[in-house]
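Student: Data: upload_12.txt, compact mmCIF, C-alpha atoms (C1' of nucleotides).
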# COMPACT_ATOMS: atom_id res chain seq x y z
CA MET I 1431 -3.82 -32.68 4.97
CA ALA I 1432 -6.18 -30.05 3.77
CA SER I 1433 -5.23 -27.83 6.69
CA GLU I 1434 -1.75 -27.53 5.24
CA VAL I 1435 -2.84 -25.96 1.99
CA THR I 1436 -0.66 -23.02 1.07
CA LEU I 1437 -0.03 -21.14 -2.10
CA GLY I 1438 2.61 -23.71 -2.95
CA GLU I 1439 3.96 -23.11 -6.41
CA LEU I 1440 1.75 -20.06 -6.65
CA ASP I 1441 4.09 -18.49 -4.15
CA SER I 1442 6.72 -18.20 -6.86
CA ILE I 1443 4.43 -16.12 -9.04
CA LEU I 1444 5.24 -12.45 -8.81
CA GLY I 1445 1.82 -11.39 -10.04
CA LEU I 1446 0.24 -13.11 -7.08
CA ARG I 1447 2.59 -11.44 -4.63
CA ILE I 1448 1.72 -8.05 -6.01
CA ARG I 1449 -1.95 -8.89 -5.75
CA ARG I 1450 -1.63 -10.00 -2.14
CA ALA I 1451 0.46 -6.98 -1.18
CA HIS I 1452 -2.10 -4.74 -2.82
CA GLY I 1453 -4.90 -6.49 -0.96
CA ALA I 1454 -3.18 -6.02 2.38
CA VAL I 1455 -2.56 -2.33 1.73
CA GLN I 1456 -6.10 -1.89 0.50
CA ARG I 1457 -7.57 -3.47 3.62
CA HIS I 1458 -5.47 -1.32 5.92
CA PHE I 1459 -6.40 1.80 4.01
CA THR I 1460 -10.11 0.99 4.03
CA ASP I 1461 -10.11 0.28 7.76
CA HIS I 1462 -8.36 3.52 8.63
CA PHE I 1463 -10.27 5.74 6.24
CA ALA I 1464 -13.69 4.44 7.20
CA GLU I 1465 -14.30 7.38 9.51
CA LEU I 1466 -13.46 9.82 6.71
CA GLY I 1467 -15.67 7.94 4.29
CA LEU I 1468 -13.06 8.05 1.54
CA THR I 1469 -11.51 5.41 -0.67
CA GLN I 1470 -7.92 5.44 -1.88
CA LYS I 1471 -8.97 6.71 -5.28
CA GLN I 1472 -11.20 9.39 -3.85
CA VAL I 1473 -8.39 10.70 -1.67
CA SER I 1474 -6.14 10.75 -4.73
CA VAL I 1475 -8.63 12.87 -6.62
CA LEU I 1476 -8.99 15.32 -3.75
CA TRP I 1477 -5.22 15.54 -3.50
CA LEU I 1478 -4.72 16.15 -7.20
CA ALA I 1479 -7.57 18.66 -7.35
CA GLY I 1480 -6.07 20.47 -4.38
CA ASN I 1481 -2.66 20.70 -6.03
CA HIS I 1482 -3.87 21.43 -9.52
CA PRO I 1483 -6.96 23.64 -9.44
CA GLY I 1484 -8.74 23.60 -12.76
CA LEU I 1485 -7.70 20.16 -13.88
CA ALA I 1486 -9.95 18.22 -16.19
CA GLN I 1487 -11.26 14.68 -16.06
CA THR I 1488 -8.79 13.55 -18.67
CA ASP I 1489 -5.93 14.75 -16.50
CA LEU I 1490 -7.29 12.72 -13.62
CA ALA I 1491 -7.76 9.67 -15.78
CA ARG I 1492 -4.17 9.83 -16.97
CA ALA I 1493 -2.72 10.48 -13.52
CA LEU I 1494 -4.73 7.69 -11.92
CA ASP I 1495 -4.32 5.18 -14.74
CA THR I 1496 -8.03 4.67 -15.11
CA ASP I 1497 -10.61 4.70 -17.82
CA ARG I 1498 -12.51 7.92 -18.59
CA ALA I 1499 -15.79 6.27 -17.61
CA THR I 1500 -14.33 5.07 -14.33
CA THR I 1501 -13.02 8.54 -13.63
CA MET I 1502 -16.46 9.93 -14.32
CA ALA I 1503 -18.05 7.75 -11.65
CA LEU I 1504 -15.33 8.81 -9.22
CA VAL I 1505 -15.75 12.52 -9.91
CA HIS I 1506 -19.52 12.24 -9.90
CA GLY I 1507 -19.53 10.75 -6.42
CA LEU I 1508 -17.33 13.54 -5.08
CA GLU I 1509 -19.50 16.17 -6.72
CA LYS I 1510 -22.63 14.71 -5.16
CA ARG I 1511 -21.01 14.94 -1.76
CA GLY I 1512 -20.11 18.56 -2.37
CA LEU I 1513 -16.36 17.98 -2.18
CA LEU I 1514 -15.56 18.82 -5.78
CA ALA I 1515 -17.12 21.41 -8.09
CA ARG I 1516 -16.96 22.50 -11.69
CA THR I 1517 -15.54 25.93 -12.30
CA ALA I 1518 -17.12 28.37 -14.70
CA SER I 1519 -13.78 29.75 -15.74
CA SER I 1520 -13.00 30.57 -19.34
CA GLN I 1521 -11.23 27.64 -20.94
CA PRO I 1522 -9.40 27.68 -24.24
CA ASP I 1523 -10.85 24.30 -25.11
CA ARG I 1524 -14.56 24.30 -24.43
CA ARG I 1525 -14.70 20.53 -24.28
CA ARG I 1526 -12.62 20.49 -21.11
CA ILE I 1527 -14.33 20.96 -17.78
CA ALA I 1528 -12.25 22.41 -14.96
CA PHE I 1529 -12.62 21.14 -11.41
CA GLN I 1530 -11.63 22.49 -8.06
CA LEU I 1531 -12.14 21.56 -4.45
CA THR I 1532 -14.99 23.08 -2.52
CA ALA I 1533 -14.38 24.41 0.98
CA ASP I 1534 -15.65 21.11 2.35
CA GLY I 1535 -13.37 19.25 -0.02
CA ALA I 1536 -10.36 21.25 1.07
CA ARG I 1537 -11.19 20.62 4.72
CA LEU I 1538 -11.57 16.90 4.17
CA LEU I 1539 -8.31 16.80 2.24
CA GLU I 1540 -6.53 18.39 5.17
CA ARG I 1541 -7.91 15.80 7.54
CA SER I 1542 -6.91 13.10 5.07
CA ARG I 1543 -3.29 14.12 4.98
CA ALA I 1544 -2.76 13.00 8.56
CA ALA I 1545 -4.48 9.68 7.86
CA ILE I 1546 -2.37 9.17 4.74
CA ALA I 1547 0.78 9.83 6.73
CA ALA I 1548 -0.25 7.26 9.33
CA HIS I 1549 -1.10 4.75 6.62
CA GLU I 1550 2.23 5.26 4.89
CA ALA I 1551 4.07 4.98 8.19
CA TRP I 1552 2.38 1.63 8.82
CA LEU I 1553 3.49 0.46 5.40
CA ALA I 1554 7.01 1.87 5.50
CA ALA I 1555 7.75 0.65 9.02
CA ARG I 1556 8.77 -2.77 7.73
CA PHE I 1557 11.48 -1.42 5.42
CA THR I 1558 14.78 0.39 5.80
CA SER I 1559 15.13 3.60 3.84
CA ASP I 1560 17.37 1.84 1.33
CA GLU I 1561 14.78 -0.84 0.85
CA LEU I 1562 12.07 1.76 0.40
CA VAL I 1563 14.04 3.45 -2.36
CA GLN I 1564 14.59 0.12 -4.04
CA LEU I 1565 10.97 -0.96 -3.75
CA HIS I 1566 9.77 2.33 -5.22
CA ALA I 1567 12.12 1.94 -8.16
CA LEU I 1568 11.23 -1.68 -8.82
CA LEU I 1569 7.49 -1.07 -8.71
CA ALA I 1570 7.74 1.92 -11.01
CA ARG I 1571 9.26 -0.29 -13.67
CA ILE I 1572 6.07 -2.31 -13.83
CA TYR I 1573 3.71 0.45 -14.85
CA ARG I 1574 5.95 2.90 -16.61
CA MET H 431 -0.94 23.86 -17.75
CA ALA H 432 -3.50 21.21 -17.04
CA SER H 433 -1.82 18.91 -19.50
CA GLU H 434 1.15 18.66 -17.17
CA VAL H 435 -0.76 17.15 -14.30
CA THR H 436 1.08 14.21 -12.81
CA LEU H 437 0.85 12.34 -9.58
CA GLY H 438 3.16 14.92 -8.08
CA GLU H 439 3.53 14.33 -4.38
CA LEU H 440 1.35 11.27 -4.73
CA ASP H 441 4.27 9.70 -6.49
CA SER H 442 6.10 9.43 -3.19
CA ILE H 443 3.32 7.34 -1.70
CA LEU H 444 4.19 3.68 -1.71
CA GLY H 445 0.58 2.60 -1.44
CA LEU H 446 -0.17 4.32 -4.72
CA ARG H 447 2.78 2.66 -6.44
CA ILE H 448 1.60 -0.73 -5.33
CA ARG H 449 -1.88 0.07 -6.57
CA ARG H 450 -0.61 1.18 -9.96
CA ALA H 451 1.67 -1.82 -10.33
CA HIS H 452 -1.21 -4.07 -9.43
CA GLY H 453 -3.41 -2.33 -11.96
CA ALA H 454 -0.86 -2.77 -14.74
CA VAL H 455 -0.40 -6.46 -13.95
CA GLN H 456 -4.15 -6.94 -13.70
CA ARG H 457 -4.74 -5.36 -17.09
CA HIS H 458 -2.08 -7.48 -18.76
CA PHE H 459 -3.48 -10.61 -17.17
CA THR H 460 -7.05 -9.81 -18.18
CA ASP H 461 -6.05 -9.10 -21.75
CA HIS H 462 -4.11 -12.32 -22.16
CA PHE H 463 -6.57 -14.56 -20.36
CA ALA H 464 -9.62 -13.27 -22.17
CA GLU H 465 -9.59 -16.22 -24.57
CA LEU H 466 -9.49 -18.66 -21.65
CA GLY H 467 -12.27 -16.80 -19.88
CA LEU H 468 -10.48 -16.91 -16.56
CA THR H 469 -9.57 -14.27 -14.02
CA GLN H 470 -6.46 -14.28 -11.88
CA LYS H 471 -8.38 -15.53 -8.89
CA GLN H 472 -10.13 -18.23 -10.87
CA VAL H 473 -6.83 -19.52 -12.21
CA SER H 474 -5.49 -19.57 -8.66
CA VAL H 475 -8.39 -21.69 -7.49
CA LEU H 476 -7.95 -24.16 -10.35
CA TRP H 477 -4.26 -24.35 -9.60
CA LEU H 478 -4.76 -24.96 -5.89
CA ALA H 479 -7.54 -27.48 -6.51
CA GLY H 480 -5.29 -29.29 -8.97
CA ASN H 481 -2.46 -29.50 -6.48
CA HIS H 482 -4.56 -30.23 -3.43
CA PRO H 483 -7.51 -32.45 -4.34
CA GLY H 484 -10.09 -32.42 -1.61
CA LEU H 485 -9.41 -28.96 -0.25
CA ALA H 486 -12.20 -27.03 1.39
CA GLN H 487 -13.44 -23.51 0.91
CA THR H 488 -11.75 -22.36 4.08
CA ASP H 489 -8.43 -23.56 2.74
CA LEU H 490 -8.96 -21.54 -0.40
CA ALA H 491 -10.00 -18.48 1.56
CA ARG H 492 -6.85 -18.64 3.66
CA ALA H 493 -4.53 -19.29 0.71
CA LEU H 494 -6.07 -16.49 -1.36
CA ASP H 495 -6.43 -13.99 1.47
CA THR H 496 -10.10 -13.47 0.86
CA ASP H 497 -13.31 -13.52 2.79
CA ARG H 498 -15.34 -16.72 3.01
CA ALA H 499 -18.26 -15.10 1.21
CA THR H 500 -15.99 -13.88 -1.57
CA THR H 501 -14.51 -17.35 -1.90
CA MET H 502 -18.02 -18.74 -2.16
CA ALA H 503 -18.82 -16.56 -5.15
CA LEU H 504 -15.56 -17.62 -6.77
CA VAL H 505 -16.14 -21.33 -6.22
CA HIS H 506 -19.77 -21.07 -7.22
CA GLY H 507 -18.83 -19.58 -10.57
CA LEU H 508 -16.36 -22.36 -11.30
CA GLU H 509 -18.89 -25.02 -10.30
CA LYS H 510 -21.49 -23.54 -12.62
CA ARG H 511 -19.02 -23.78 -15.47
CA GLY H 512 -18.30 -27.40 -14.64
CA LEU H 513 -14.64 -26.82 -13.83
CA LEU H 514 -14.82 -27.64 -10.15
CA ALA H 515 -16.94 -30.24 -8.35
CA ARG H 516 -17.74 -31.33 -4.84
CA THR H 517 -16.53 -34.75 -3.88
CA ALA H 518 -18.70 -37.19 -1.97
CA SER H 519 -15.74 -38.58 -0.08
CA SER H 520 -15.93 -39.38 3.61
CA GLN H 521 -14.66 -36.48 5.62
CA PRO H 522 -13.77 -36.48 9.30
CA ASP H 523 -15.40 -33.06 9.70
CA ARG H 524 -18.82 -33.12 8.09
CA ARG H 525 -18.94 -29.34 7.87
CA ARG H 526 -16.09 -29.32 5.37
CA ILE H 527 -16.85 -29.81 1.71
CA ALA H 528 -14.09 -31.23 -0.43
CA PHE H 529 -13.49 -29.96 -3.94
CA GLN H 530 -11.65 -31.31 -6.91
CA LEU H 531 -11.17 -30.38 -10.52
CA THR H 532 -13.41 -31.90 -13.14
CA ALA H 533 -11.88 -33.25 -16.34
CA ASP H 534 -12.75 -29.94 -18.00
CA GLY H 535 -11.18 -28.08 -15.12
CA ALA H 536 -7.98 -30.08 -15.37
CA ARG H 537 -7.80 -29.46 -19.12
CA LEU H 538 -8.33 -25.73 -18.67
CA LEU H 539 -5.69 -25.64 -15.95
CA GLU H 540 -3.19 -27.23 -18.31
CA ARG H 541 -3.91 -24.63 -20.96
CA SER H 542 -3.61 -21.92 -18.32
CA ARG H 543 -0.12 -22.93 -17.26
CA ALA H 544 1.35 -21.79 -20.56
CA ALA H 545 -0.52 -18.49 -20.36
CA ILE H 546 0.66 -17.96 -16.79
CA ALA H 547 4.24 -18.61 -17.85
CA ALA H 548 3.94 -16.04 -20.63
CA HIS H 549 2.38 -13.54 -18.27
CA GLU H 550 5.12 -14.02 -15.69
CA ALA H 551 7.77 -13.73 -18.38
CA TRP H 552 6.29 -10.39 -19.45
CA LEU H 553 6.43 -9.21 -15.87
CA ALA H 554 9.86 -10.60 -15.01
CA ALA H 555 11.52 -9.37 -18.20
CA ARG H 556 12.12 -5.95 -16.70
CA PHE H 557 14.13 -7.28 -13.75
CA THR H 558 17.42 -9.06 -13.24
CA SER H 559 17.26 -12.27 -11.25
CA ASP H 560 18.72 -10.51 -8.22
CA GLU H 561 16.07 -7.84 -8.46
CA LEU H 562 13.37 -10.46 -8.75
CA VAL H 563 14.53 -12.14 -5.57
CA GLN H 564 14.59 -8.80 -3.80
CA LEU H 565 11.17 -7.76 -5.05
CA HIS H 566 9.65 -11.05 -3.96
CA ALA H 567 11.13 -10.65 -0.49
CA LEU H 568 10.07 -7.04 -0.10
CA LEU H 569 6.49 -7.67 -1.21
CA ALA H 570 6.12 -10.66 1.09
CA ARG H 571 6.87 -8.44 4.06
CA ILE H 572 3.74 -6.44 3.36
CA TYR H 573 1.23 -9.21 3.70
CA ARG H 574 2.92 -11.64 6.05
C1' DT M 370 -18.90 -21.14 21.87
C1' DA M 371 -16.41 -21.52 17.60
C1' DT M 372 -16.18 -22.97 12.85
C1' DT M 373 -17.98 -24.11 8.07
C1' DG M 374 -20.86 -23.27 4.61
C1' DT M 375 -24.50 -20.38 2.82
C1' DT M 376 -27.43 -16.49 1.18
C1' DA M 377 -28.62 -11.70 0.72
C1' DT M 378 -26.99 -7.40 0.09
C1' DA M 379 -24.14 -3.47 -1.17
C1' DC M 380 -20.34 -0.81 -2.68
C1' DT M 381 -16.08 0.02 -5.35
C1' DC M 382 -13.41 -0.61 -9.31
C1' DT M 383 -13.06 -1.56 -13.91
C1' DA M 384 -14.17 -1.52 -18.66
C1' DT M 385 -16.97 -1.44 -23.23
C1' DA M 386 -20.14 0.62 -26.23
C1' DA M 387 -22.61 4.26 -28.01
C1' DC M 388 -23.73 9.00 -27.98
C1' DT M 389 -23.06 14.42 -28.07
C1' DA M 390 -20.31 18.38 -28.55
C1' DT M 391 -16.13 20.41 -29.76
C1' DA M 392 -11.46 20.63 -32.04
C1' DT G 409 -11.02 12.32 -37.78
C1' DA G 410 -9.85 12.77 -33.07
C1' DT G 411 -10.75 14.20 -28.37
C1' DA G 412 -13.65 15.40 -23.97
C1' DG G 413 -17.40 14.41 -21.60
C1' DT G 414 -21.42 11.53 -20.75
C1' DT G 415 -24.60 7.64 -19.96
C1' DA G 416 -25.93 2.86 -19.69
C1' DT G 417 -24.54 -1.41 -18.67
C1' DA G 418 -22.05 -5.33 -16.85
C1' DG G 419 -18.77 -8.08 -14.48
C1' DA G 420 -15.29 -8.85 -10.82
C1' DG G 421 -13.76 -8.21 -6.23
C1' DT G 422 -14.60 -7.12 -1.62
C1' DA G 423 -16.97 -7.19 2.61
C1' DT G 424 -20.87 -7.37 6.35
C1' DA G 425 -24.72 -9.44 8.45
C1' DA G 426 -27.45 -13.12 9.57
C1' DC G 427 -28.52 -17.96 9.46
C1' DA G 428 -28.13 -23.39 9.76
C1' DA G 429 -25.40 -27.29 10.68
C1' DT G 430 -21.63 -29.22 12.95
C1' DA G 431 -17.68 -29.40 16.24
Give the structure from the file, written as structure tokens.
Tutor:
Amino acid sequence: MASEVTLGELDSILGLRIRRAHGAVQRHFTDHFAELGLTQKQVSVLWLAGNHPGLAQTDLARALDTDRATTMALVHGLEKRGLLARTASSQPDRRRIAFQLTADGARLLERSRAAIAAHEAWLAARFTSDELVQLHALLARIYR
Amino acid sequence: MASEVTLGELDSILGLRIRRAHGAVQRHFTDHFAELGLTQKQVSVLWLAGNHPGLAQTDLARALDTDRATTMALVHGLEKRGLLARTASSQPDRRRIAFQLTADGARLLERSRAAIAAHEAWLAARFTSDELVQLHALLARIYR
DNA sequence: TATTGTTATACTCTATAACTATA
DNA sequence: TATAGTTATAGAGTATAACAATA
């Protein structure tokens, strides 16, 4: 019966499981960050900029595992919204452009921290602490 | 130094790890399926259609965890390329539209199986079989 | 009323290519 | 030559809203 269609053999494919897990996390994040108007990547940039004032786009690209062009679009959007700004500080390498949070950006980051904690709690609730440690370690092996 | 920027505290966030792992898997998949011209989702549809002739779009949407509209775009693309076709079979529910692979679709699916196996081998190589079992189980808890 | 398929629309993410300026 | 930033462009994935046909 067509109504019984499942992933079948696809269920044994790890890549698919990672994709589905990512999708579920992504949906939960989007739903709960709608009121803040931030995506997962945008929050990450605010967080990194808050912790590392003066970082450059290349630093962001490396930390976020994204292309330079993709990072540009991300940064550009945050600049337009007045959450991130370029600093006019003196840099040793004049190619690099330093960024820092604006006051609005810092405020939004603070509000985001609570939402991130709630999101992580939702995700972690289904695991024991041992399982969490293991899952962290296993996932890290994929991208490192 | 800006060159030392890392994920820092972000590294403790499971959601981010899942995202990065997904990104790494996605990139590997894209690179190795470029010659076949198929995305992960497209391969999944071919696979499911091959195993379940006559399935409907709703079945695909449920199995792939995607919106109906998103599934439409996916199916539409495969139809345009002549890999998937609608069947004129008699259905009990006339709203449902049955799909099946074309000859081209079946051929491409066969070629894909080898590529999928190679992709999975690349991914699984970093884990023991016990770890693989564990990772499968842990990930499934996120989306089920 | 609910479900299936459909279209229109929009936004995010991702990446490639080509360019400028600097190292 | 190599790196940092930039722009233009394009494709994939995701989702919402609104509609028609059918159950």
Student: What would chain I look like once superposed on chain H, with the fit done by least squares over all C-alpha atoms paired in order? Give it as an mmCIF file with C-alpha atoms, in the frame of the given file.
Tutor:
data_model
loop_
_atom_site.group_PDB
_atom_site.id
_atom_site.type_symbol
_atom_site.label_atom_id
_atom_site.label_comp_id
_atom_site.auth_asym_id
_atom_site.auth_seq_id
_atom_site.Cartn_x
_atom_site.Cartn_y
_atom_site.Cartn_z
ATOM 1 C CA MET I 1431 -0.914 23.885 -17.466
ATOM 2 C CA ALA I 1432 -3.495 21.242 -16.936
ATOM 3 C CA SER I 1433 -1.787 19.026 -19.491
ATOM 4 C CA GLU I 1434 1.180 18.746 -17.163
ATOM 5 C CA VAL I 1435 -0.731 17.171 -14.320
ATOM 6 C CA THR I 1436 1.139 14.244 -12.845
ATOM 7 C CA LEU I 1437 0.908 12.369 -9.618
ATOM 8 C CA GLY I 1438 3.211 14.954 -8.098
ATOM 9 C CA GLU I 1439 3.589 14.363 -4.402
ATOM 10 C CA LEU I 1440 1.412 11.301 -4.756
ATOM 11 C CA ASP I 1441 4.344 9.743 -6.536
ATOM 12 C CA SER I 1442 6.155 9.469 -3.220
ATOM 13 C CA ILE I 1443 3.376 7.377 -1.728
ATOM 14 C CA LEU I 1444 4.238 3.712 -1.726
ATOM 15 C CA GLY I 1445 0.619 2.633 -1.454
ATOM 16 C CA LEU I 1446 -0.120 4.343 -4.732
ATOM 17 C CA ARG I 1447 2.808 2.685 -6.461
ATOM 18 C CA ILE I 1448 1.619 -0.709 -5.358
ATOM 19 C CA ARG I 1449 -1.852 0.110 -6.592
ATOM 20 C CA ARG I 1450 -0.584 1.220 -9.987
ATOM 21 C CA ALA I 1451 1.703 -1.788 -10.347
ATOM 22 C CA HIS I 1452 -1.190 -4.042 -9.447
ATOM 23 C CA GLY I 1453 -3.400 -2.309 -11.992
ATOM 24 C CA ALA I 1454 -0.847 -2.770 -14.749
ATOM 25 C CA VAL I 1455 -0.403 -6.457 -13.950
ATOM 26 C CA GLN I 1456 -4.141 -6.916 -13.711
ATOM 27 C CA ARG I 1457 -4.731 -5.346 -17.113
ATOM 28 C CA HIS I 1458 -2.081 -7.485 -18.764
ATOM 29 C CA PHE I 1459 -3.471 -10.609 -17.166
ATOM 30 C CA THR I 1460 -7.045 -9.820 -18.179
ATOM 31 C CA ASP I 1461 -6.051 -9.112 -21.775
ATOM 32 C CA HIS I 1462 -4.114 -12.342 -22.139
ATOM 33 C CA PHE I 1463 -6.582 -14.572 -20.343
ATOM 34 C CA ALA I 1464 -9.628 -13.292 -22.185
ATOM 35 C CA GLU I 1465 -9.582 -16.236 -24.568
ATOM 36 C CA LEU I 1466 -9.508 -18.670 -21.641
ATOM 37 C CA GLY I 1467 -12.295 -16.802 -19.904
ATOM 38 C CA LEU I 1468 -10.515 -16.896 -16.556
ATOM 39 C CA THR I 1469 -9.627 -14.247 -14.017
ATOM 40 C CA GLN I 1470 -6.492 -14.256 -11.890
ATOM 41 C CA LYS I 1471 -8.406 -15.530 -8.893
ATOM 42 C CA GLN I 1472 -10.158 -18.224 -10.862
ATOM 43 C CA VAL I 1473 -6.860 -19.518 -12.209
ATOM 44 C CA SER I 1474 -5.510 -19.554 -8.658
ATOM 45 C CA VAL I 1475 -8.404 -21.688 -7.499
ATOM 46 C CA LEU I 1476 -7.970 -24.141 -10.356
ATOM 47 C CA TRP I 1477 -4.269 -24.339 -9.588
ATOM 48 C CA LEU I 1478 -4.774 -24.945 -5.888
ATOM 49 C CA ALA I 1479 -7.546 -27.471 -6.501
ATOM 50 C CA GLY I 1480 -5.297 -29.274 -8.958
ATOM 51 C CA ASN I 1481 -2.451 -29.484 -6.456
ATOM 52 C CA HIS I 1482 -4.547 -30.219 -3.415
ATOM 53 C CA PRO I 1483 -7.491 -32.447 -4.315
ATOM 54 C CA GLY I 1484 -10.094 -32.416 -1.592
ATOM 55 C CA LEU I 1485 -9.410 -28.970 -0.241
ATOM 56 C CA ALA I 1486 -12.207 -27.042 1.379
ATOM 57 C CA GLN I 1487 -13.453 -23.509 0.897
ATOM 58 C CA THR I 1488 -11.778 -22.364 4.070
ATOM 59 C CA ASP I 1489 -8.435 -23.549 2.747
ATOM 60 C CA LEU I 1490 -8.986 -21.528 -0.396
ATOM 61 C CA ALA I 1491 -10.033 -18.479 1.554
ATOM 62 C CA ARG I 1492 -6.891 -18.618 3.661
ATOM 63 C CA ALA I 1493 -4.568 -19.261 0.726
ATOM 64 C CA LEU I 1494 -6.092 -16.484 -1.359
ATOM 65 C CA ASP I 1495 -6.464 -13.970 1.463
ATOM 66 C CA THR I 1496 -10.141 -13.481 0.826
ATOM 67 C CA ASP I 1497 -13.352 -13.525 2.748
ATOM 68 C CA ARG I 1498 -15.371 -16.755 2.987
ATOM 69 C CA ALA I 1499 -18.278 -15.125 1.163
ATOM 70 C CA THR I 1500 -16.000 -13.918 -1.610
ATOM 71 C CA THR I 1501 -14.532 -17.380 -1.927
ATOM 72 C CA MET I 1502 -18.024 -18.790 -2.180
ATOM 73 C CA ALA I 1503 -18.853 -16.620 -5.182
ATOM 74 C CA LEU I 1504 -15.577 -17.665 -6.794
ATOM 75 C CA VAL I 1505 -16.146 -21.377 -6.234
ATOM 76 C CA HIS I 1506 -19.777 -21.119 -7.253
ATOM 77 C CA GLY I 1507 -18.864 -19.630 -10.612
ATOM 78 C CA LEU I 1508 -16.371 -22.408 -11.309
ATOM 79 C CA GLU I 1509 -18.886 -25.050 -10.304
ATOM 80 C CA LYS I 1510 -21.493 -23.608 -12.647
ATOM 81 C CA ARG I 1511 -19.021 -23.830 -15.490
ATOM 82 C CA GLY I 1512 -18.297 -27.445 -14.654
ATOM 83 C CA LEU I 1513 -14.636 -26.843 -13.835
ATOM 84 C CA LEU I 1514 -14.824 -27.678 -10.151
ATOM 85 C CA ALA I 1515 -16.931 -30.276 -8.338
ATOM 86 C CA ARG I 1516 -17.734 -31.363 -4.824
ATOM 87 C CA THR I 1517 -16.511 -34.785 -3.850
ATOM 88 C CA ALA I 1518 -18.662 -37.233 -1.955
ATOM 89 C CA SER I 1519 -15.714 -38.593 -0.057
ATOM 90 C CA SER I 1520 -15.922 -39.408 3.622
ATOM 91 C CA GLN I 1521 -14.660 -36.467 5.631
ATOM 92 C CA PRO I 1522 -13.779 -36.495 9.301
ATOM 93 C CA ASP I 1523 -15.427 -33.123 9.745
ATOM 94 C CA ARG I 1524 -18.820 -33.145 8.097
ATOM 95 C CA ARG I 1525 -18.935 -29.376 7.908
ATOM 96 C CA ARG I 1526 -16.083 -29.325 5.410
ATOM 97 C CA ILE I 1527 -16.838 -29.806 1.745
ATOM 98 C CA ALA I 1528 -14.071 -31.245 -0.413
ATOM 99 C CA PHE I 1529 -13.485 -29.979 -3.935
ATOM 100 C CA GLN I 1530 -11.628 -31.324 -6.896
ATOM 101 C CA LEU I 1531 -11.158 -30.398 -10.513
ATOM 102 C CA THR I 1532 -13.380 -31.935 -13.132
ATOM 103 C CA ALA I 1533 -11.849 -33.263 -16.338
ATOM 104 C CA ASP I 1534 -12.724 -29.971 -18.005
ATOM 105 C CA GLY I 1535 -11.171 -28.097 -15.114
ATOM 106 C CA ALA I 1536 -7.968 -30.080 -15.356
ATOM 107 C CA ARG I 1537 -7.795 -29.457 -19.096
ATOM 108 C CA LEU I 1538 -8.328 -25.739 -18.675
ATOM 109 C CA LEU I 1539 -5.704 -25.619 -15.943
ATOM 110 C CA GLU I 1540 -3.196 -27.200 -18.287
ATOM 111 C CA ARG I 1541 -3.906 -24.619 -20.945
ATOM 112 C CA SER I 1542 -3.618 -21.912 -18.303
ATOM 113 C CA ARG I 1543 -0.148 -22.912 -17.246
ATOM 114 C CA ALA I 1544 1.314 -21.790 -20.555
ATOM 115 C CA ALA I 1545 -0.549 -18.480 -20.347
ATOM 116 C CA ILE I 1546 0.647 -17.956 -16.778
ATOM 117 C CA ALA I 1547 4.218 -18.599 -17.851
ATOM 118 C CA ALA I 1548 3.907 -16.036 -20.637
ATOM 119 C CA HIS I 1549 2.350 -13.530 -18.258
ATOM 120 C CA GLU I 1550 5.098 -14.020 -15.699
ATOM 121 C CA ALA I 1551 7.753 -13.731 -18.387
ATOM 122 C CA TRP I 1552 6.275 -10.391 -19.452
ATOM 123 C CA LEU I 1553 6.423 -9.213 -15.862
ATOM 124 C CA ALA I 1554 9.849 -10.603 -15.014
ATOM 125 C CA ALA I 1555 11.497 -9.380 -18.210
ATOM 126 C CA ARG I 1556 12.116 -5.954 -16.701
ATOM 127 C CA PHE I 1557 14.117 -7.288 -13.748
ATOM 128 C CA THR I 1558 17.408 -9.079 -13.228
ATOM 129 C CA SER I 1559 17.238 -12.286 -11.240
ATOM 130 C CA ASP I 1560 18.716 -10.513 -8.225
ATOM 131 C CA GLU I 1561 16.077 -7.847 -8.461
ATOM 132 C CA LEU I 1562 13.360 -10.462 -8.747
ATOM 133 C CA VAL I 1563 14.529 -12.140 -5.557
ATOM 134 C CA GLN I 1564 14.591 -8.806 -3.798
ATOM 135 C CA LEU I 1565 11.175 -7.747 -5.048
ATOM 136 C CA HIS I 1566 9.643 -11.043 -3.946
ATOM 137 C CA ALA I 1567 11.119 -10.639 -0.485
ATOM 138 C CA LEU I 1568 10.065 -7.024 -0.094
ATOM 139 C CA LEU I 1569 6.494 -7.655 -1.199
ATOM 140 C CA ALA I 1570 6.136 -10.643 1.089
ATOM 141 C CA ARG I 1571 6.877 -8.423 4.055
ATOM 142 C CA ILE I 1572 3.750 -6.421 3.352
ATOM 143 C CA TYR I 1573 1.218 -9.194 3.708
ATOM 144 C CA ARG I 1574 2.919 -11.631 6.008
#
Student: So how many Å separate atom CA of I:Glu1540 and atom CA of I:Gly1484, to one decimal?
Tutor: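 Distance between the two atoms: 18.8 Å.
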Student: Could you pull out every residue with an atom within 9 Å of (-16.4, -26.4, -14.8), file coordinates, counting only C-alpha atoms (C1' of nucleotides), and send them as a list in words?
Tutor: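 The answer, in the requested form, is Gly507, Leu508, Glu509, Lys510, Arg511, Gly512, Leu513, Leu514, Ala515, Leu531, Thr532, Ala533, Asp534, Gly535 and Leu538 of chain H.
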Student: Counting only C-alpha atoms (C1' of nucleotides), note down every residue that has an atom within 9 Å of the point (-27.8, -14.6, 4.9) (file coordinates), as number ranges by chain.
Tutor: M: 375-378; G: 425-427
Student: Just write the chosen residues, C-alpha atoms (C1' of nucleotides), as a compact mmCIF listing (two decimals), in the frame of the given file.
Tutor:
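This is the output file again.txt:
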# COMPACT_ATOMS: atom_id res chain seq x y z
C1' DT M 375 -24.50 -20.38 2.82
C1' DT M 376 -27.43 -16.49 1.18
C1' DA M 377 -28.62 -11.70 0.72
C1' DT M 378 -26.99 -7.40 0.09
C1' DA G 425 -24.72 -9.44 8.45
C1' DA G 426 -27.45 -13.12 9.57
C1' DC G 427 -28.52 -17.96 9.46
